[in-house]
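Here's the structure, in structure tokens; my notes come after.
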Number of protein chains: 2
Amino acid sequence: MALMSGTALAREILDDAARRARARTGRKPCLATVLAGDDPASVTYVRMKQKRCAATGIDSRHVALPASATTRELVAAITELGEDEAVDGILLQHPVPRHIDERAAFEAIPPGKDVDGVTMHSFAAMAFGLPGFVSCTPGGIVRLLDAHGVDPAGQRAVVIGRSPILGKPAAMLLLARDATVTVCHSRTANLAEHVRQADIVVAAVGKPEFVRGDWIKPGAVVVDAGYNPGNVGDVEFDQARQRASLITPVPGGVGPVTIALLLEQTVAAANGEGQPEIVQSGR
Amino acid sequence: MALMSGTALAREILDDAARRARARTGRKPCLATVLAGDDPASVTYVRMKQKRCAATGIDSRHVALPASATTRELVAAITELGEDEAVDGILLQHPVPRHIDERAAFEAIPPGKDVDGVTMHSFAAMAFGLPGFVSCTPGGIVRLLDAHGVDPAGQRAVVIGRSPILGKPAAMLLLARDATVTVCHSRTANLAEHVRQADIVVAAVGKPEFVRGDWIKPGAVVVDAGYNPGNVGDVEFDQARQRASLITPVPGGVGPVTIALLLEQTVAAANGEGQPEIVQSGR
């Protein structure tokens, strides 16, 4: 078993983003973070991203709305950032308060500033293999595989979870890399059997140690995208590591790469790269 | 084995669409068909759709462009139809000539007139379980299953093919119906083994009798979305019918339901229904 650490890869991505940010002739790239409410974990995440921006030579701007903000107010705030030429990328920290229509808020982000890859446009671009920004966690998963020499082509990949910003885009990106992809979820019968057949397992359930170590096929690659209270992932790590050929630690696996991709995409947005073009899609 | 015929279901859908078209107070619903070039099969398909429109009380309008039309010209023609208040739905007959950027042409269709369900917006709406128009063939597949009492929830569905207008949206719709979905394709290793485990098989490859009858698990439901020269589907029908509990014939299976859905969605568009709203998506 070898550890698929994300810290070194994140470092590389950030160094490169910092280099490209410095090489710009105009102003620094700018990421706007938007937070509705004061959920402590969300506050921490946003602060972490802002710090990482500063260290990478990226300006950040923060828009804080009260937990009582309406969908209309949140959409208006995001729309304003979308029209602001001094803002290159927009991150809406989720989850948003329950009474807000999260999808409406996400859709207020123009595709060219969707550096977190959460819009319907970005999702379809990922699914169709068109240029555009990727969802940062699914994109980070694929970058981790690349960095560790794992080629998904022709492999059986099992994605556990089907959220619009994690499970589904992860499935689409692995499919674009020619894996044979199975999407499992809460209604899947005999999950263990699916996992046992997988060459690549992506756990994106959000339940601590939900994926049992003895489900892992010997030699499989295990990517744990979960991050639960107590620094615990979605996979029973100690048991799974005895069977996997490669496995991500939690923390220090997918997490750091996710943030690095956010910043990389912010610099790309500032440089007018990675913005949605429309090209012919393959088969 | 029972046949999963599409003709009776298509008849029902069309009768209902005709009833709703007649019940309107204003003008008839109107479907615009767009064809670039004169591919004989495409000409036949368009003519078939126009006839079906007439029989259902739907006006149709046709825009024919020469095979030499540029992407810009095709996009301009579609944009004009998008802005025309007398047009409710737009169908771009595909495939388009090779030199045209098909995706750019599709994206010129406003989501509210995308009654063939080919835009990136419609795809993401299908994937996220949001209101919107469905791709007609994948939507037809789900309607066929419904009409024959097949509930995909918790079932293993294997979709063979991953095109943006057939395989991928079919996978997303089956996932939305709580199936555990595997997407197989040209790079899949050991396709037969995947099919052998499937409770529901959707063949969307475009290769005559590519799916062998003896791959079918006894009792499985087989949906053949292929339609190849010589009226042959993607499944080896005579062998597969001996193992399947339900199987679609070709022709007379998915095909008629596909056209019926196109017309149903045209009437819905005219009535201002089925247009993309943004709602919260589930998990």
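Each chain in the structure tokens gets a letter, A, B, ..., in the order shown, and its residues are numbered from 1; ligands are numbered from 1 in order too.
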Compile the contact shell of Pro169 in chain B as an MDAnalysis selection string: residues with an atom at most 12 Å away, counting only C-alpha atoms, same-chain residues fewer than 3 positions apart removed.
(chainID A and resid 124 127:128 172) or (chainID B and resid 117:129 133:142 159:166 172:176 181 183 202 204)
Taking only C-alpha atoms into account, report as a PyMOL selection string which residues of chain B lie within 6 Å of chain A.
chain B and resi 101+103-104+120+124+154+163+180-184+187-189+278+280+283
Written file, previous selection with C-alpha atoms, as a CSV table (one decimal), in the first residue's frame:
```
chain,number,residue,atom,x,y,z
B,101,ASP,CA,-19.8,22.8,-34.7
B,103,ARG,CA,-22.6,21.8,-30.0
B,104,ALA,CA,-22.6,25.5,-30.9
B,120,MET,CA,-26.2,21.6,-21.9
B,124,ALA,CA,-27.8,19.3,-16.4
B,154,GLY,CA,-32.4,-0.3,-6.6
B,163,SER,CA,-23.2,10.0,-26.4
B,180,THR,CA,-27.5,1.8,-9.8
B,181,VAL,CA,-26.2,2.8,-13.1
B,182,THR,CA,-23.1,1.6,-15.0
B,183,VAL,CA,-22.0,3.4,-18.2
B,184,CYS,CA,-20.2,1.1,-20.6
B,187,ARG,CA,-13.2,1.3,-23.9
B,188,THR,CA,-15.0,-1.0,-21.5
B,189,ALA,CA,-13.1,-4.2,-20.7
B,278,ILE,CA,-34.6,26.4,-10.9
B,280,GLN,CA,-33.5,22.7,-5.1
B,283,ARG,CA,-29.6,13.8,-3.0
```
Could you please write out, as a VMD selection string, every residue of range 118-252 of chain B that DSSP assigns to alpha helix (DSSP H)?
chain B and resid 120 to 128 136 to 147 167 to 176 191 to 196 237 to 240
Dump as a compact mmCIF listing (two decimals), in the first residue's frame, selection limited to N, CA and C atoms:
```txt
# COMPACT_ATOMS: atom_id res chain seq x y z
N MET B 120 -26.96 21.87 -23.18
CA MET B 120 -26.24 21.60 -21.94
C MET B 120 -27.15 21.85 -20.74
N HIS B 121 -27.98 22.89 -20.83
CA HIS B 121 -28.90 23.18 -19.73
C HIS B 121 -29.86 22.01 -19.50
N SER B 122 -30.44 21.51 -20.58
CA SER B 122 -31.38 20.40 -20.43
C SER B 122 -30.69 19.17 -19.86
N PHE B 123 -29.45 18.94 -20.30
CA PHE B 123 -28.71 17.78 -19.78
C PHE B 123 -28.51 17.90 -18.28
N ALA B 124 -28.04 19.07 -17.84
CA ALA B 124 -27.79 19.25 -16.41
C ALA B 124 -29.10 19.17 -15.62
N ALA B 125 -30.19 19.69 -16.20
CA ALA B 125 -31.48 19.60 -15.51
C ALA B 125 -31.88 18.14 -15.33
N MET B 126 -31.66 17.33 -16.37
CA MET B 126 -31.95 15.89 -16.24
C MET B 126 -31.09 15.26 -15.16
N ALA B 127 -29.81 15.63 -15.15
CA ALA B 127 -28.88 15.03 -14.20
C ALA B 127 -29.19 15.43 -12.77
N PHE B 128 -29.66 16.67 -12.59
CA PHE B 128 -29.88 17.19 -11.24
C PHE B 128 -31.33 17.04 -10.78
N CYS B 136 -35.32 13.30 -25.94
CA CYS B 136 -36.51 12.51 -26.25
C CYS B 136 -36.29 11.00 -26.19
N THR B 137 -35.16 10.52 -26.69
CA THR B 137 -34.96 9.07 -26.65
C THR B 137 -34.76 8.56 -25.22
N PRO B 138 -33.86 9.15 -24.44
CA PRO B 138 -33.75 8.71 -23.04
C PRO B 138 -35.06 8.88 -22.27
N GLY B 139 -35.73 9.99 -22.50
CA GLY B 139 -37.02 10.18 -21.84
C GLY B 139 -38.01 9.10 -22.26
N GLY B 140 -37.99 8.76 -23.54
CA GLY B 140 -38.87 7.71 -24.05
C GLY B 140 -38.57 6.36 -23.41
N ILE B 141 -37.30 6.10 -23.17
CA ILE B 141 -36.90 4.83 -22.53
C ILE B 141 -37.53 4.73 -21.13
N VAL B 142 -37.45 5.81 -20.37
CA VAL B 142 -38.00 5.79 -19.02
C VAL B 142 -39.53 5.65 -19.07
N ARG B 143 -40.16 6.33 -20.03
CA ARG B 143 -41.61 6.21 -20.15
C ARG B 143 -42.03 4.79 -20.53
N LEU B 144 -41.23 4.14 -21.38
CA LEU B 144 -41.51 2.75 -21.73
C LEU B 144 -41.43 1.85 -20.50
N LEU B 145 -40.40 2.07 -19.69
CA LEU B 145 -40.26 1.27 -18.46
C LEU B 145 -41.47 1.50 -17.57
N ASP B 146 -41.84 2.77 -17.38
CA ASP B 146 -43.00 3.10 -16.56
C ASP B 146 -44.26 2.39 -17.06
N ALA B 147 -44.44 2.47 -18.37
CA ALA B 147 -45.67 1.92 -18.96
C ALA B 147 -45.74 0.40 -18.80
N GLY B 167 -26.68 8.09 -24.55
CA GLY B 167 -26.15 7.28 -23.44
C GLY B 167 -26.06 8.05 -22.13
N LYS B 168 -25.45 9.24 -22.17
CA LYS B 168 -25.27 9.97 -20.91
C LYS B 168 -26.59 10.43 -20.30
N PRO B 169 -27.50 11.06 -21.09
CA PRO B 169 -28.77 11.42 -20.44
C PRO B 169 -29.59 10.21 -20.00
N ALA B 170 -29.51 9.09 -20.73
CA ALA B 170 -30.23 7.88 -20.29
C ALA B 170 -29.70 7.45 -18.92
N ALA B 171 -28.37 7.50 -18.77
CA ALA B 171 -27.77 7.14 -17.48
C ALA B 171 -28.26 8.07 -16.38
N MET B 172 -28.32 9.37 -16.68
CA MET B 172 -28.73 10.34 -15.66
C MET B 172 -30.21 10.15 -15.28
N LEU B 173 -31.06 9.87 -16.26
CA LEU B 173 -32.48 9.68 -15.94
C LEU B 173 -32.71 8.41 -15.13
N LEU B 174 -31.96 7.34 -15.45
CA LEU B 174 -32.10 6.11 -14.68
C LEU B 174 -31.57 6.30 -13.26
N LEU B 175 -30.52 7.09 -13.13
CA LEU B 175 -29.97 7.41 -11.81
C LEU B 175 -31.00 8.21 -11.01
N ALA B 176 -31.68 9.13 -11.69
CA ALA B 176 -32.71 9.93 -11.01
C ALA B 176 -33.86 9.04 -10.56
N LEU B 191 -17.23 -6.23 -21.56
CA LEU B 191 -18.60 -5.73 -21.62
C LEU B 191 -19.61 -6.82 -21.27
N ALA B 192 -19.37 -8.02 -21.78
CA ALA B 192 -20.31 -9.14 -21.57
C ALA B 192 -20.58 -9.33 -20.08
N GLU B 193 -19.53 -9.24 -19.29
CA GLU B 193 -19.67 -9.47 -17.85
C GLU B 193 -20.56 -8.40 -17.21
N HIS B 194 -20.40 -7.16 -17.65
CA HIS B 194 -21.27 -6.09 -17.12
C HIS B 194 -22.73 -6.36 -17.49
N VAL B 195 -22.95 -6.71 -18.75
CA VAL B 195 -24.32 -6.94 -19.20
C VAL B 195 -24.94 -8.13 -18.45
N ARG B 196 -24.14 -9.15 -18.18
CA ARG B 196 -24.65 -10.35 -17.48
C ARG B 196 -25.17 -10.03 -16.08
N PHE B 237 -31.73 -9.63 -31.33
CA PHE B 237 -33.10 -9.74 -30.81
C PHE B 237 -33.55 -11.18 -30.58
N ASP B 238 -33.40 -12.03 -31.59
CA ASP B 238 -33.98 -13.38 -31.49
C ASP B 238 -33.39 -14.18 -30.33
N GLN B 239 -32.09 -13.96 -30.08
CA GLN B 239 -31.46 -14.67 -28.97
C GLN B 239 -31.80 -14.01 -27.64
N ALA B 240 -31.82 -12.68 -27.63
CA ALA B 240 -32.06 -11.96 -26.38
C ALA B 240 -33.49 -12.18 -25.88
```
Long-range neighbours of Asp16 in chain A as a PyMOL selection string, 12 Å cut-off, only C-alpha atoms, 3 positions minimum in chain
chain A and resi 9-13+19-23+56-57+260-261+263-265+267-268
Based on the backbone DSSP call, show me all residues of range 31-268 of chain B assigned strand (DSSP E or B), as a PyMOL selection string.
chain B and resi 31-36+59-65+89-92+156-160+180-184+200-203+211+221-224+228+232+235+246-247
Take the residues just selected and output them with N, CA and C atoms as a tab-separated table (two decimals), in the first residue's frame.
```tsv
chain	number	residue	atom	x	y	z
B	31	LEU	N	-43.79	23.71	-33.94
B	31	LEU	CA	-42.44	23.14	-33.88
B	31	LEU	C	-41.66	23.55	-35.12
B	32	ALA	N	-40.50	24.14	-34.91
B	32	ALA	CA	-39.61	24.45	-36.03
B	32	ALA	C	-38.58	23.35	-36.18
B	33	THR	N	-38.48	22.80	-37.39
B	33	THR	CA	-37.44	21.82	-37.67
B	33	THR	C	-36.36	22.49	-38.51
B	34	VAL	N	-35.12	22.17	-38.20
B	34	VAL	CA	-33.99	22.77	-38.91
B	34	VAL	C	-33.14	21.64	-39.46
B	35	LEU	N	-32.83	21.73	-40.74
B	35	LEU	CA	-32.02	20.69	-41.37
B	35	LEU	C	-30.93	21.35	-42.21
B	36	ALA	N	-29.69	20.95	-41.98
B	36	ALA	CA	-28.58	21.43	-42.83
B	36	ALA	C	-28.16	20.27	-43.71
B	59	ASP	N	-48.62	22.97	-35.55
B	59	ASP	CA	-48.04	23.56	-36.76
B	59	ASP	C	-46.57	23.22	-36.82
B	60	SER	N	-46.05	23.08	-38.04
B	60	SER	CA	-44.60	22.96	-38.12
B	60	SER	C	-44.07	23.93	-39.15
B	61	ARG	N	-42.87	24.32	-38.92
B	61	ARG	CA	-42.21	25.25	-39.82
B	61	ARG	C	-40.86	24.63	-40.11
B	62	HIS	N	-40.40	24.72	-41.35
B	62	HIS	CA	-39.13	24.08	-41.66
B	62	HIS	C	-38.11	25.08	-42.18
B	63	VAL	N	-36.91	25.01	-41.66
B	63	VAL	CA	-35.81	25.83	-42.17
B	63	VAL	C	-34.77	24.89	-42.75
B	64	ALA	N	-34.55	24.99	-44.05
B	64	ALA	CA	-33.57	24.14	-44.73
B	64	ALA	C	-32.35	24.96	-45.09
B	65	LEU	N	-31.19	24.48	-44.69
B	65	LEU	CA	-29.94	25.14	-45.07
B	65	LEU	C	-29.15	24.19	-45.96
B	89	GLY	N	-41.12	25.33	-30.14
B	89	GLY	CA	-40.06	24.34	-29.96
B	89	GLY	C	-39.16	24.32	-31.18
B	90	ILE	N	-37.90	23.97	-30.96
B	90	ILE	CA	-36.93	23.92	-32.07
B	90	ILE	C	-36.25	22.56	-32.06
B	91	LEU	N	-36.28	21.92	-33.22
B	91	LEU	CA	-35.56	20.66	-33.38
B	91	LEU	C	-34.49	20.82	-34.44
B	92	LEU	N	-33.24	20.64	-34.07
B	92	LEU	CA	-32.16	20.60	-35.06
B	92	LEU	C	-31.91	19.14	-35.40
B	156	ARG	N	-29.91	-2.85	-11.01
B	156	ARG	CA	-28.66	-2.59	-11.73
B	156	ARG	C	-28.99	-2.29	-13.17
B	157	ALA	N	-28.70	-1.07	-13.60
B	157	ALA	CA	-28.92	-0.70	-14.99
B	157	ALA	C	-27.56	-0.55	-15.67
B	158	VAL	N	-27.42	-1.12	-16.83
B	158	VAL	CA	-26.20	-0.96	-17.62
B	158	VAL	C	-26.57	-0.24	-18.91
B	159	VAL	N	-25.96	0.92	-19.12
B	159	VAL	CA	-26.17	1.69	-20.33
B	159	VAL	C	-24.94	1.51	-21.21
B	160	ILE	N	-25.15	1.05	-22.42
B	160	ILE	CA	-24.02	0.84	-23.32
B	160	ILE	C	-24.02	1.97	-24.34
B	180	THR	N	-28.97	1.77	-9.85
B	180	THR	CA	-27.51	1.80	-9.75
B	180	THR	C	-27.00	1.67	-11.18
B	181	VAL	N	-26.40	2.73	-11.68
B	181	VAL	CA	-26.16	2.80	-13.12
B	181	VAL	C	-24.68	2.64	-13.48
B	182	THR	N	-24.42	1.76	-14.43
B	182	THR	CA	-23.07	1.61	-14.99
B	182	THR	C	-23.09	2.06	-16.45
B	183	VAL	N	-22.14	2.93	-16.80
B	183	VAL	CA	-22.04	3.36	-18.19
B	183	VAL	C	-20.87	2.63	-18.85
B	184	CYS	N	-21.19	1.85	-19.86
B	184	CYS	CA	-20.17	1.11	-20.61
B	184	CYS	C	-19.99	1.76	-21.98
B	200	ILE	N	-31.46	-4.20	-15.96
B	200	ILE	CA	-31.97	-3.40	-17.06
B	200	ILE	C	-30.80	-3.08	-17.99
B	201	VAL	N	-30.95	-3.41	-19.26
B	201	VAL	CA	-29.90	-3.13	-20.25
B	201	VAL	C	-30.44	-2.10	-21.23
B	202	VAL	N	-29.70	-1.01	-21.40
B	202	VAL	CA	-30.04	-0.02	-22.41
B	202	VAL	C	-28.93	-0.02	-23.46
B	203	ALA	N	-29.26	-0.42	-24.66
B	203	ALA	CA	-28.26	-0.48	-25.73
B	203	ALA	C	-28.38	0.77	-26.58
B	211	VAL	N	-24.92	-6.18	-29.10
B	211	VAL	CA	-25.14	-6.82	-27.80
B	211	VAL	C	-25.68	-8.23	-28.03
B	221	VAL	N	-34.60	-6.85	-18.27
B	221	VAL	CA	-35.38	-5.97	-19.14
B	221	VAL	C	-34.42	-5.35	-20.15
B	222	VAL	N	-34.72	-5.49	-21.43
B	222	VAL	CA	-33.80	-5.03	-22.47
B	222	VAL	C	-34.44	-3.93	-23.30
B	223	VAL	N	-33.79	-2.78	-23.32
B	223	VAL	CA	-34.27	-1.65	-24.11
B	223	VAL	C	-33.25	-1.39	-25.22
B	224	ASP	N	-33.68	-1.51	-26.43
B	224	ASP	CA	-32.79	-1.36	-27.57
B	224	ASP	C	-33.06	-0.01	-28.24
B	228	ASN	N	-30.44	0.61	-36.83
B	228	ASN	CA	-29.40	0.53	-37.86
B	228	ASN	C	-30.01	0.16	-39.20
B	232	VAL	N	-32.52	-2.97	-38.07
B	232	VAL	CA	-31.89	-3.82	-37.07
B	232	VAL	C	-31.47	-2.96	-35.88
B	235	VAL	N	-29.25	-4.85	-30.41
B	235	VAL	CA	-29.29	-6.11	-29.66
B	235	VAL	C	-29.64	-7.26	-30.61
B	246	LEU	N	-38.68	-8.70	-20.58
B	246	LEU	CA	-39.29	-7.67	-21.42
B	246	LEU	C	-38.23	-7.19	-22.39
B	247	ILE	N	-38.62	-6.97	-23.62
B	247	ILE	CA	-37.64	-6.48	-24.61
B	247	ILE	C	-38.38	-5.61	-25.64
```
Would you work out the distance separating CA of Ala2 in chain B from CA of Asp116 in chain B, expressed in Å to one decimal?
29.2 Å
Point-to-point distance in Å for CA of Phe106 in chain B and CA of Ala76 in chain A
29.2 Å
